[in-house]
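Undergrad: Dropping a structure here in structure tokens format, bear with me for questions.
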Amino acid sequence: MENKVKPNGKATLTAGGKSVELPVYSGSVGPDVIDIGKMYAQTGMFTLDPGFTSTASCESQITYIDGDAGILLHRGYPIDQLAEQSSFLEVCYLLLKGELPNAAQHKEFDSTITRHTMLHAQFDRFFEGFRRDAHPMAIMCGTVGALSAFYHDSTNVDDPIQRQVAQHRMIAKMPTIAARAFKYSAGQPFVSPRNELDYASNFLRMCFAVPAEDYKINPVLAKAMDRIFILHADHEQNASTSTVRLAGSSGANPFACIAAGIACLWGPAHGGANEAALQMLQEIGTVENVGPYVQKVKNKEAGVRLMGFGHRVYKNYDPRAKVMAQTCREVLKEVGAESDPLLPVALELERVALSDEYFIERKLYPNVDFYSGITLKAMGFPTSMFTVLFALARTVGWIAQWEEMTTDNTQRIGRPRQVYTGAPQRDYVPIGQRK
């Protein structure tokens, strides 16, 4: 990656009786940053930033978020434009290559991904090692990590051709693995991919087709699935992406790095938010219960949280949520679930939250997870598959970030520091002399 960040000035830091000048850099958009890379050498001090919420860990040209303004850009393109007008594979190409493909490039990329959707024949036996009631995310962690044992010809991170093959393989095979995890937990036979189908349609068929009857692609559901994939494709330096980059900084193979990202995404504070939002709506139950539930949320002593509202980054309306809300309505109308009791509950909760000063002051706007759970439920997915679908979509973001990190000439192995608060140095005491 060609580094584009340039010095913009200097900041003076005074600490411990010393004053040092630190470089200030500006990105193409967003706040300036102070480079503290040499601060320890100059002052003998570190910085403390729990969660790295005020620290840039890298330079990136992939995704930009302005949480205060509610903006999400992929390579400069607004997420709503991509979700409304583009396709997931086109967005994959954009994230990987930096530009939207022309017609010939799109055709070639689409063909390449399609040709990689099959899994090694022996790989299917790997699933049989899991219990039938294993969580699909547990299966995803194990199977994706095992890809390096089946495709060892694309694990050399120093070979750009092997890196590209590995990227194509993961984008192509992740739907096949996710569908098999779903089928395995449901006790149904695996369904092989079909080359004549598009990415989203192929995935839906692998999930829901059964040998007893032909599966007909529903274009509305296929479009919704494709849009959901786009909305979850990348989200800057979040916990799972940072995990992938940190694992990759050691030189680990790309399959292992993505498996690490999946493991991080499994955490309920990260990838499980849409499942939590759906469970909240089910707990509320009816429109009449929205008011009392909101009062519980406002009463901090009750310990009740409003799931699907607010975001670690966005302090405005999540730009993905608007597209997701429309997609939700389209899916419910198509499958005849307009009478789904959760939808009016969601709409009333959204209305109350957006008009209540308590939530307005705290900038608790609906996020993408608020509607995605209802949508996926209507499409036939159990809640255990929600995070799996998130991982499937986020794979392209992870590997784009991994490729950028791998080719960054300033990259070093990640090594965060700490503030040690344990016991100071002391001498060993033989066991017979201890009190």
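Labels used: A, B, ... for chains in the order of the structure tokens, numbers from 1 for residues in each chain, and numbers from 1 for ligands as shown.
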Can you pull out every residue within 10 Å of Ile228 (chain A), counting only C-alpha atoms, but drop anything in the same chain fewer than 4 positions away, and send it as a ChimeraX atom specification?
TA: /A:83,88,200,222-224,232-233,320,323-324,327,368,372,375-376,389-390,393
Undergrad: With only C-alpha atoms as the counted atoms, please give the residues lying no more than 8 Å from region 90-97 of chain A, apart from itself and same-chain residues fewer than 6 positions off, as JSON, numbers by chain.
TA: {"A": [62, 74, 75, 82, 106, 109, 230, 233, 396, 397, 399, 400]}
Undergrad: Here is a test: counting only C-alpha atoms, which residue of A:Thr117, A:Ser148, A:Gln122, A:Gln282 is nearest to Glu196 (chain A)?
TA: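 Distance minimum relative to Glu196 (chain A) lands on A:Thr117.
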Undergrad: Measuring atom to atom with only C-alpha atoms, identify which of A:Ala103, A:Ile139, A:Ala172, A:Leu147 is nearest to His116 (chain A).
TA: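 Checking each candidate against His116 (chain A), we get A:Ala172 as the closest.
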Undergrad: Which one is closest to Arg163 (chain A): A:Ala273, A:Thr143, A:Asn253, A:Thr410? Count only C-alpha atoms.
TA: A:Asn253
Undergrad: Within 9 Å of Gly16 (chain A), counting only C-alpha atoms, which residues qualify if same-chain residues fewer than 2 places away don't, as an mmCIF file with C-alpha atoms, in the first residue's frame?
TA:
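As a result, out-v9.cif now contains:
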data_model
loop_
_atom_site.group_PDB
_atom_site.id
_atom_site.type_symbol
_atom_site.label_atom_id
_atom_site.label_comp_id
_atom_site.auth_asym_id
_atom_site.auth_seq_id
_atom_site.Cartn_x
_atom_site.Cartn_y
_atom_site.Cartn_z
ATOM 1 C CA THR A 14 5.304 18.434 28.123
ATOM 2 C CA LYS A 18 10.572 17.359 29.239
ATOM 3 C CA SER A 19 8.986 18.955 26.184
ATOM 4 C CA THR A 43 10.068 10.751 27.251
ATOM 5 C CA MET A 45 6.440 7.260 28.953
#
Undergrad: Give me, as a ChimeraX atom specification, all polymer residues having an atom no more than 12 Å from His152 (chain A), counting only C-alpha atoms and skipping those fewer than 3 positions away in the same chain.
TA: /A:145-149,155-157,162-163,165-166,169,253-256
Undergrad: Output all heavy atoms for every residue in the selection just made, as a compact mmCIF listing (two decimals), in the first residue's frame.
TA:
# COMPACT_ATOMS: atom_id res chain seq x y z
N GLY A 145 -10.81 -22.11 10.10
CA GLY A 145 -9.42 -22.29 10.48
C GLY A 145 -8.79 -23.50 9.80
O GLY A 145 -7.59 -23.51 9.50
N ALA A 146 -9.62 -24.51 9.50
CA ALA A 146 -9.12 -25.73 8.87
C ALA A 146 -8.88 -25.57 7.37
O ALA A 146 -8.27 -26.46 6.75
CB ALA A 146 -10.10 -26.88 9.11
N LEU A 147 -9.35 -24.49 6.78
CA LEU A 147 -9.15 -24.30 5.34
C LEU A 147 -7.68 -24.34 4.96
O LEU A 147 -7.32 -24.81 3.87
CB LEU A 147 -9.76 -22.97 4.89
CG LEU A 147 -11.29 -22.92 4.78
CD1 LEU A 147 -11.75 -21.49 4.49
CD2 LEU A 147 -11.79 -23.86 3.69
N SER A 148 -6.81 -23.85 5.85
CA SER A 148 -5.38 -23.83 5.53
C SER A 148 -4.82 -25.24 5.40
O SER A 148 -3.78 -25.45 4.76
CB SER A 148 -4.61 -23.06 6.60
OG SER A 148 -4.82 -23.62 7.88
N ALA A 149 -5.48 -26.22 6.01
CA ALA A 149 -5.03 -27.60 5.91
C ALA A 149 -5.44 -28.23 4.58
O ALA A 149 -4.86 -29.22 4.15
CB ALA A 149 -5.60 -28.43 7.07
N THR A 155 -1.21 -20.15 1.20
CA THR A 155 -0.97 -19.68 2.57
C THR A 155 0.31 -18.87 2.72
O THR A 155 0.61 -18.40 3.82
CB THR A 155 -0.91 -20.88 3.55
OG1 THR A 155 0.11 -21.79 3.11
CG2 THR A 155 -2.24 -21.61 3.61
N ASN A 156 1.05 -18.71 1.62
CA ASN A 156 2.30 -17.93 1.68
C ASN A 156 1.96 -16.45 1.59
O ASN A 156 1.63 -15.93 0.52
CB ASN A 156 3.22 -18.35 0.53
CG ASN A 156 4.57 -17.62 0.58
OD1 ASN A 156 4.80 -16.76 1.44
ND2 ASN A 156 5.47 -17.96 -0.33
N VAL A 157 2.07 -15.76 2.70
CA VAL A 157 1.65 -14.35 2.74
C VAL A 157 2.60 -13.44 1.98
O VAL A 157 2.27 -12.28 1.70
CB VAL A 157 1.51 -13.86 4.20
CG1 VAL A 157 0.46 -14.67 4.93
CG2 VAL A 157 2.84 -13.93 4.93
N GLN A 162 -0.59 -15.98 -4.34
CA GLN A 162 -1.22 -16.85 -3.35
C GLN A 162 -2.18 -16.06 -2.46
O GLN A 162 -3.25 -16.56 -2.09
CB GLN A 162 -0.16 -17.55 -2.49
CG GLN A 162 0.63 -18.63 -3.22
CD GLN A 162 1.32 -19.60 -2.28
OE1 GLN A 162 0.86 -19.84 -1.16
NE2 GLN A 162 2.43 -20.17 -2.73
N ARG A 163 -1.82 -14.84 -2.11
CA ARG A 163 -2.73 -14.01 -1.31
C ARG A 163 -4.04 -13.77 -2.06
O ARG A 163 -5.12 -13.85 -1.47
CB ARG A 163 -2.08 -12.66 -0.97
CG ARG A 163 -0.92 -12.74 0.00
CD ARG A 163 -0.68 -11.41 0.70
NE ARG A 163 -0.57 -10.30 -0.22
CZ ARG A 163 0.56 -9.86 -0.76
NH1 ARG A 163 1.71 -10.48 -0.48
NH2 ARG A 163 0.59 -8.82 -1.57
N VAL A 165 -5.39 -15.62 -4.47
CA VAL A 165 -6.15 -16.88 -4.55
C VAL A 165 -6.86 -17.15 -3.22
O VAL A 165 -8.03 -17.56 -3.20
CB VAL A 165 -5.21 -18.05 -4.93
CG1 VAL A 165 -5.95 -19.38 -4.80
CG2 VAL A 165 -4.69 -17.87 -6.34
N ALA A 166 -6.16 -16.93 -2.12
CA ALA A 166 -6.76 -17.14 -0.80
C ALA A 166 -7.96 -16.21 -0.59
O ALA A 166 -8.99 -16.62 -0.04
CB ALA A 166 -5.73 -16.91 0.30
N ARG A 169 -10.84 -17.48 -2.66
CA ARG A 169 -11.37 -18.71 -2.08
C ARG A 169 -12.26 -18.42 -0.87
O ARG A 169 -13.33 -19.02 -0.71
CB ARG A 169 -10.22 -19.63 -1.67
CG ARG A 169 -9.63 -20.41 -2.83
CD ARG A 169 -8.41 -21.22 -2.43
NE ARG A 169 -8.03 -22.17 -3.47
CZ ARG A 169 -6.87 -22.79 -3.56
NH1 ARG A 169 -5.93 -22.55 -2.63
NH2 ARG A 169 -6.62 -23.63 -4.53
N ASN A 253 -1.18 -17.18 8.40
CA ASN A 253 -1.82 -17.34 7.09
C ASN A 253 -3.22 -16.73 7.10
O ASN A 253 -3.85 -16.60 8.16
CB ASN A 253 -1.84 -18.82 6.68
CG ASN A 253 -2.87 -19.63 7.45
OD1 ASN A 253 -4.08 -19.53 7.23
ND2 ASN A 253 -2.38 -20.47 8.37
N PRO A 254 -3.73 -16.36 5.94
CA PRO A 254 -5.01 -15.62 5.89
C PRO A 254 -6.19 -16.40 6.43
O PRO A 254 -7.10 -15.81 7.01
CB PRO A 254 -5.18 -15.32 4.40
CG PRO A 254 -4.30 -16.30 3.68
CD PRO A 254 -3.14 -16.52 4.60
N PHE A 255 -6.21 -17.72 6.27
CA PHE A 255 -7.33 -18.50 6.79
C PHE A 255 -7.36 -18.44 8.32
O PHE A 255 -8.43 -18.33 8.92
CB PHE A 255 -7.22 -19.96 6.31
CG PHE A 255 -7.17 -20.11 4.82
CD1 PHE A 255 -6.00 -20.46 4.18
CD2 PHE A 255 -8.30 -19.88 4.05
CE1 PHE A 255 -5.95 -20.60 2.80
CE2 PHE A 255 -8.27 -20.01 2.67
CZ PHE A 255 -7.09 -20.37 2.03
N ALA A 256 -6.19 -18.53 8.94
CA ALA A 256 -6.11 -18.44 10.39
C ALA A 256 -6.54 -17.06 10.88
O ALA A 256 -7.21 -16.93 11.90
CB ALA A 256 -4.68 -18.74 10.86
